Amino acid sequence: MSAIASRTPTISRNLPQAQQAGAGASCPVGMLALFAGAVVWLFIASLLGLLNSLKFHAPGFLAGEAYLSYGRVHAAQNAAFLYGFGVPAALGLGLWLLCRLGRAVLAGPAMVFIGAILWNIAVALGAAAILCGGSTGFDSFEMPAWCAPLLFLAYLFIGVCALLTFHQRQEGRLYPSQWFVVGSLFWFPWIFSTAVLVLLCVPARGVLQASIAWWYAHNLDTVFLGFAGLASAFYFIPKLLSRSLHSHYQAALAFWTLALFGSWGGMPDGAPLPSWIISLAVVGTVLTAVPILAVATNFYQTVRQDLGALDADPTLRFTYVGLIFWVIAGAQQIVGVLPSVSSITDFTWFGVAQKELFHYGFFALTVFGALYYIVPRLLGLENSAWHPRLLKLHFYLTFLGVLISYLSLLVAGVGQGILLANAANSFPDVMRRTMMPLRVSTVGDLFVVAGTVLFLLNFAGVLVQSCRQCCMARKERP
Amino acid sequence: MNSGPLLFLGLLATMACSWTGFVLAPQLQLGGLTQTNTVAVGDASPQTYPVAQPGLAHAGAEIYRANGCAACHTEMVRSLDLGSDLHRGWGIRRSLAEDYLFEQPVMLGSQRVGPDLANVGRLSDTNGLFVRLYDSRLITPGSVMPPYRFLFETRKIGLFPARDAIVLPFEDAAPPGYEIVPRPQARALAAYLLSLRQDGYLFEAPPPPQPKTNAVPTNAAPAKAVPAAAKPTVK
């Protein structure tokens, strides 16, 4: 550890060479397929979310067909976000960061491409199956059983390439982002295989299924998506400010404590489980305050002299806003497991608000920020390839959308919890009284969908530019 | 932290920690859970608990799963000190691990857009469930539960009305000469919902103590209320 501290890395100096070695030389089709698929799935997920949000205005809206009924759309939305967007985006980011920071060429680009295609086919089949009634019934683990081997195989294709790329690194010293990427790379197959084995292949008996499903969902969010998003933040924020990261010790502390404590949680208080499990989950979740504080202070120390510069670059702006949302979402999760609070807020919109903030506010924003930097470089273009007005509008729409959705769901959740705590308020009455903030959240969902559409348009524009450039280059050749 | 293998081993150890705590240890503690005996209340003799679901209810659980009912309904009642679940009459006691022995898959849910369903079988009858599924607003005005019309069939009344046609609280819900008949999925779903009843008092959640009265005790009758044979006999 002392070796790290003595050699404070100046990644900004190392990077130009890495850029040539990493992205330019290798075929970017695999990574592009991962990113493009991810963004399309994000659009589908937010569209499904909007559809379900509309159902709170009129429960009969599109309820006639089984495949568009609320429960199925809800499951498909979850699956589209987590498996369509979350995992491929994390993998793509990871691959790119491993190339960049290790000054290595992507290993097995063809395999990455095949893996990306296979993964997207599996997710499409799975999502269609969920709409036809094939969900497993477990939250965040909705993909039907037959889909799991396909997903696993696709992940293996990409994961092996990522590890080979990591192995071929020329830079001996590891940067924090690399730990986070490697952590997320391993975490997903471990929890996914456990869930597949214990929930689908040889189902555990009784209530254990529920506890394992909660454990899986908590790990997938807090550790897997958390690691992937933080990897991006740890890279882009110091890099784009041309500063070195304040402290590698704090980053290491955040990394290990997030892995250790972030993986202990997810059990709601009062669940029909032995109370030691619930207590352990509460303790683990409360202790995630350590990584949150470590990350927050580390970044604050890194950027505090350049606070004004944070808004100058789109990538920086998306990333630091995402990071702030990560801190808020984490703090809310900690508050939400304290027994005095959880007895009121459990099973209300409070948890949904937290998830919304974590998924869209933290993870999606961070990925958008990274994509604004990565995509032009994968295609050999400049940052100016993005349409600046679309980019700006995308940021504001997504930011406002997430904020509106989050705050209204939070109000709905706290209101619902407080009203429900008094048994004199009948359940239907409580639901009616919390309907207003829920309906406001539809506006937020609409903004998020609109923002994603703008990003897709911008993304398509960049792809077209790249194709045009490619054709011109070919014509010029004799 | 510059060595790949060390990083891997550290991650594996952290993961193993969480896996042991939340996957293995609960399995060791609860994996062998079997049917048990209820704590007798009053003069009743202990019953075997829980009882296996009938086949139709098992098919209904699949309908419940396929339509994602757990997105809005939980199937667990919390204890008296957590929320108002018991005060709302959602159950007679908190839910226990034993209650789910025969559930497959176990869908406890994580959000309550609608009420808890752990004891819906105690609180509803078949026709009431059908009406709720057909259009919840017929019973609860302003309900956000979507109408599950696709579980029903509106058809012309033949020579005789169908025996299981649902009785709607309003005459005009079905066009004249027509009747609304639940499809097999609706019947299975109703059977599943009716099978949801956590009504056995168990060792971990004994019946509430009898209220003390000033009445002169008759010969040893109240003493029987909470018998010493409260320990479950694990088979």
# chains A, B, ... in the order shown; residues from 1 in each chain; ligands from 1
call {"tool": "closest_atom_pairs", "arguments": {"of": "stretch 336-423 of chain A", "to": "stretch 211-223 of chain A", "cutoff": "10 Å", "atoms": "only C-alpha atoms", "output": "Markdown table"}}
result
| residue | atom | partner | partner_atom | distance |
| --- | --- | --- | --- | --- |
| A:Lys355 | CA | A:Asp221 | CA | 8.6 |
| A:Phe358 | CA | A:Asp221 | CA | 8.0 |
| A:His359 | CA | A:Asp221 | CA | 8.0 |
| A:Phe363 | CA | A:Asp221 | CA | 9.5 |
call {"tool": "write_last_selection", "arguments": {"atoms": "C-alpha atoms", "output": "tab-separated table (two decimals), in the first residue's frame"}}
result
chain	number	residue	atom	x	y	z
A	355	LYS	CA	-34.12	2.82	-6.53
A	358	PHE	CA	-29.79	5.00	-7.77
A	359	HIS	CA	-30.66	3.58	-11.19
A	363	PHE	CA	-25.96	4.85	-12.81
call {"tool": "interface_residues", "arguments": {"of": "chain A", "to": "chain B", "cutoff": "6 Å", "atoms": "only C-alpha atoms", "output": "PyMOL selection string"}}
result
chain A and resi 59-60+71-72+133-135+137+173-174+206-207+260+263+270+272-273+343+347-348+421+423
call {"tool": "residues_around", "arguments": {"residues": "stretch 171-185 of chain B", "least_positions_apart": "6", "cutoff": "6 Å", "atoms": "only C-alpha atoms", "output": "ChimeraX atom specification"}}
result
/B:151-157,165
